[in-house]
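For reference, the structure discussed in these notes is given below.
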Amino acid sequence: MADTPLKLFIANKNYSSWSLRPWVLMRTLQIPFDEQLVPFGEGSQAEVFGGFSPSGKVPCLVDGETVVWDSLAIIEYLAEAHPRAWPADRGARAWARSAAAEMHSGFFNVRNLCSMNCGVRVRIDPFPPALRAEWQRLSALWDDGLVRFGGPFLAGPQFTAVDAFFAPLAFRAQTYSPPLSARSNEYLARLLALPAMRAWYAEALVEPWRHAGHEEEVHAAGTLLSDLRSPDANPGFV
């Protein structure tokens with residue numbers, strides 16, 4: 001990695017689950033970086049983010065002349081210089097990478113029907129069967145890791161990349177209250193209590209932007225119970 005500070009480009013903290021993954025890993029492991037927050041805008045993501053991200057999406061990491069996009073690629077790039085990003089034990093590392101890859105490529109109902117919006121609480125009643133099944137798979141996966149490696153994090157005693165991949169699910173579970181095991185709920189509460197997660201959440205609540213597409217997703221998901229965000233926010237693109 002270059003001597004110049006890493007730059008991590010992210011979008012709104014209230015909405016951007018993909019941005020949260022490398023952000024929370026870097027903050028928790030104390031990897032220095034400069035945060036570059038670019039809010040979602042009226043145009044396409046390519047129009048908003050294309051000036052710095054080859055894919056036109058966030059997150060995007062800039063390390064001198066090197067540009068790394070996609071949360072999985074960013075975390076693997078960071079792990080080359082910071083091996084503690086993944087568990088030290090080979091078996092735990094294999095499990096962690098498998099679980100992170102499953103999250104990265106799957107759970108489309110959770111993504112589409114329970115989009116991340118940190119500042120609101122929503123009731124889904126009833127949970128569609130396909131959505132319920134995905135939350136049950138997530139719960140089983142978390143329980144497996146916690147039992148297999150002894151906790152308190154998914155692959156053992158330390159927070160690693162696999163926990164970062166599921167960190168957005170802690171905010172989603174807080175918003176939508178899906179049916180989960182007691183062990184899984186305790187794990188998500190543990191994630192929410194991390195200093196980095198608390199900082200992200202506090203900053204999400206006071207962001208001065210609203211984005212129509214993300215707000216529409218929340219209203220389509222179920223009944224809005226409460227909105228804890230600053231009432232002074234600019235309605236923006238709504």
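Identifiers in the structure tokens: chain A, B, ... in order shown; residue index from 1 per chain; ligand index from 1 in order shown.
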**Item:** Shell around Leu194 of chain A at 12 Å using only C-alpha atoms, local window under 3 positions removed, as a PyMOL selection string
**Value:** chain A and resi 24-25+27-29+153+159+163-164+167+170+187-191+197-201
Take the residues just selected and output them with C-alpha atoms as a CSV table (one decimal), in the first residue's frame.
```csv
chain,number,residue,atom,x,y,z
A,24,VAL,CA,-16.5,-0.9,9.9
A,25,LEU,CA,-13.7,-3.3,9.3
A,27,ARG,CA,-12.5,1.5,11.9
A,28,THR,CA,-12.6,-1.6,14.2
A,29,LEU,CA,-9.1,-2.8,13.2
A,153,PHE,CA,-17.8,-13.1,17.0
A,159,PHE,CA,-14.0,-9.1,14.9
A,163,ASP,CA,-18.5,-9.9,10.8
A,164,ALA,CA,-18.0,-6.8,8.7
A,167,ALA,CA,-22.7,-5.8,10.0
A,170,ALA,CA,-27.6,-5.9,12.3
A,187,TYR,CA,-24.8,-11.6,18.2
A,188,LEU,CA,-26.4,-8.7,16.3
A,189,ALA,CA,-26.8,-6.7,19.5
A,190,ARG,CA,-23.0,-7.3,20.0
A,191,LEU,CA,-22.4,-5.8,16.6
A,197,MET,CA,-21.2,0.7,14.6
A,198,ARG,CA,-22.5,3.2,17.1
A,199,ALA,CA,-20.6,6.0,15.3
A,200,TRP,CA,-22.0,5.0,11.9
A,201,TYR,CA,-25.5,4.9,13.3
```
Using DSSP assignments from the backbone, pull out every residue in segment 60-220 of chain A that falls under helix (DSSP H, G or I) and give it to me as a compact mmCIF listing (two decimals) with C-alpha atoms, in the first residue's frame.
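That gives us out_30.txt:
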```txt
# COMPACT_ATOMS: atom_id res chain seq x y z
CA SER A 71 -16.56 -4.49 -0.95
CA LEU A 72 -15.17 -8.03 -1.26
CA ALA A 73 -12.20 -6.91 -3.37
CA ILE A 74 -11.52 -4.05 -0.96
CA ILE A 75 -11.46 -6.34 2.05
CA GLU A 76 -9.17 -8.84 0.33
CA TYR A 77 -6.86 -5.99 -0.68
CA LEU A 78 -6.75 -4.73 2.90
CA ALA A 79 -6.09 -8.25 4.17
CA GLU A 80 -2.86 -8.43 2.15
CA ALA A 81 -1.38 -5.69 4.36
CA PRO A 83 -3.73 -10.28 7.81
CA ARG A 84 -5.85 -9.95 10.97
CA ALA A 85 -8.72 -8.95 8.70
CA ARG A 90 -6.97 -21.85 8.53
CA GLY A 91 -10.21 -23.70 9.22
CA ALA A 92 -11.88 -20.65 10.72
CA ARG A 93 -10.63 -18.57 7.81
CA ALA A 94 -12.12 -21.00 5.30
CA TRP A 95 -15.48 -20.92 7.08
CA ALA A 96 -15.37 -17.13 7.34
CA ARG A 97 -14.60 -16.69 3.65
CA SER A 98 -17.40 -19.10 2.71
CA ALA A 99 -19.92 -17.28 4.90
CA ALA A 100 -18.84 -13.88 3.58
CA ALA A 101 -19.07 -15.11 -0.02
CA GLU A 102 -22.58 -16.46 0.62
CA MET A 103 -23.61 -13.05 1.94
CA HIS A 104 -21.92 -11.24 -0.93
CA SER A 105 -23.69 -13.24 -3.63
CA PHE A 108 -31.73 -11.34 -2.57
CA ASN A 109 -35.07 -11.22 -0.76
CA VAL A 110 -33.43 -9.72 2.32
CA ARG A 111 -31.66 -7.17 0.12
CA ASN A 112 -34.75 -6.25 -1.88
CA LEU A 113 -37.48 -6.44 0.76
CA PRO A 129 -42.13 -17.23 3.01
CA ALA A 130 -39.06 -16.65 0.81
CA LEU A 131 -37.96 -13.72 2.96
CA ARG A 132 -38.52 -15.66 6.17
CA ALA A 133 -36.48 -18.56 4.78
CA GLU A 134 -33.52 -16.30 4.04
CA TRP A 135 -33.56 -14.81 7.53
CA GLN A 136 -33.73 -18.34 8.94
CA ARG A 137 -30.70 -19.32 6.86
CA LEU A 138 -28.84 -16.28 8.16
CA SER A 139 -29.74 -17.20 11.72
CA ALA A 140 -28.56 -20.78 11.20
CA LEU A 141 -25.31 -19.56 9.67
CA TRP A 142 -24.60 -17.19 12.56
CA ASP A 143 -25.46 -19.84 15.13
CA ASP A 144 -23.13 -22.30 13.39
CA GLY A 145 -20.18 -19.93 13.49
CA LEU A 146 -20.78 -18.86 17.08
CA VAL A 147 -21.01 -22.45 18.31
CA ARG A 148 -18.25 -23.84 16.08
CA PHE A 149 -15.64 -21.20 17.01
CA ALA A 161 -14.07 -9.49 7.81
CA VAL A 162 -16.88 -12.03 8.08
CA ASP A 163 -18.46 -9.93 10.84
CA ALA A 164 -18.04 -6.84 8.66
CA PHE A 165 -19.95 -8.55 5.87
CA PHE A 166 -22.90 -9.16 8.17
CA ALA A 167 -22.75 -5.80 9.96
CA PRO A 168 -25.42 -4.29 7.66
CA LEU A 169 -27.75 -7.11 8.69
CA ALA A 170 -27.58 -5.86 12.28
CA PHE A 171 -29.11 -2.57 11.14
CA ARG A 172 -31.64 -4.36 8.94
CA ALA A 173 -32.70 -6.61 11.83
CA GLN A 174 -33.04 -3.54 14.05
CA THR A 175 -35.34 -1.97 11.46
CA TYR A 176 -37.52 -4.96 10.50
CA ALA A 182 -31.82 -15.94 20.66
CA ARG A 183 -28.12 -16.56 19.94
CA SER A 184 -28.35 -14.66 16.66
CA ASN A 185 -30.12 -11.73 18.28
CA GLU A 186 -27.41 -11.57 20.93
CA TYR A 187 -24.76 -11.57 18.20
CA LEU A 188 -26.45 -8.74 16.31
CA ALA A 189 -26.76 -6.74 19.52
CA ARG A 190 -23.03 -7.27 20.03
CA LEU A 191 -22.36 -5.84 16.57
CA LEU A 192 -24.60 -2.84 17.21
CA PRO A 195 -17.93 1.70 18.84
CA ALA A 196 -17.62 1.84 15.04
CA MET A 197 -21.21 0.69 14.56
CA ARG A 198 -22.46 3.20 17.11
CA ALA A 199 -20.56 5.96 15.33
CA TRP A 200 -21.99 4.96 11.92
CA TYR A 201 -25.52 4.85 13.34
CA ALA A 202 -25.24 8.25 15.07
CA GLU A 203 -23.97 9.84 11.87
CA ALA A 204 -26.69 8.14 9.80
CA LEU A 205 -29.43 9.64 11.97
CA ALA A 212 -36.53 8.89 -3.04
CA GLY A 213 -35.69 5.38 -4.20
CA HIS A 214 -34.50 4.21 -0.80
CA GLU A 215 -37.44 5.83 0.97
CA GLU A 216 -39.88 4.15 -1.40
CA GLU A 217 -38.32 0.76 -0.63
CA VAL A 218 -39.02 1.21 3.07
CA HIS A 219 -42.65 2.21 2.52
CA ALA A 220 -43.14 -0.77 0.20
```
**Prompt:** segment 58-133 of chain A: which residues are strand (DSSP E or B) by DSSP, as a ChimeraX atom specification?
**Reply:** /A:60-63,66-69,120-123
**Message:** Just checking: using only C-alpha atoms, which residue out of A:Asp232, A:Asp70, A:Glu65, A:Glu35 ends up closest to Pro208 of chain A?
**Reply:**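 Between A:Asp232, A:Asp70, A:Glu65, A:Glu35, the residue approaching Pro208 of chain A most closely is A:Asp232.
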**Message:** Report, in Å to a single decimal, how far apart atom CA of Ser16 of chain A and atom CA of Val48 of chain A are.
**Reply:**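 Atom CA of Ser16 of chain A lies 14.0 Å from atom CA of Val48 of chain A.
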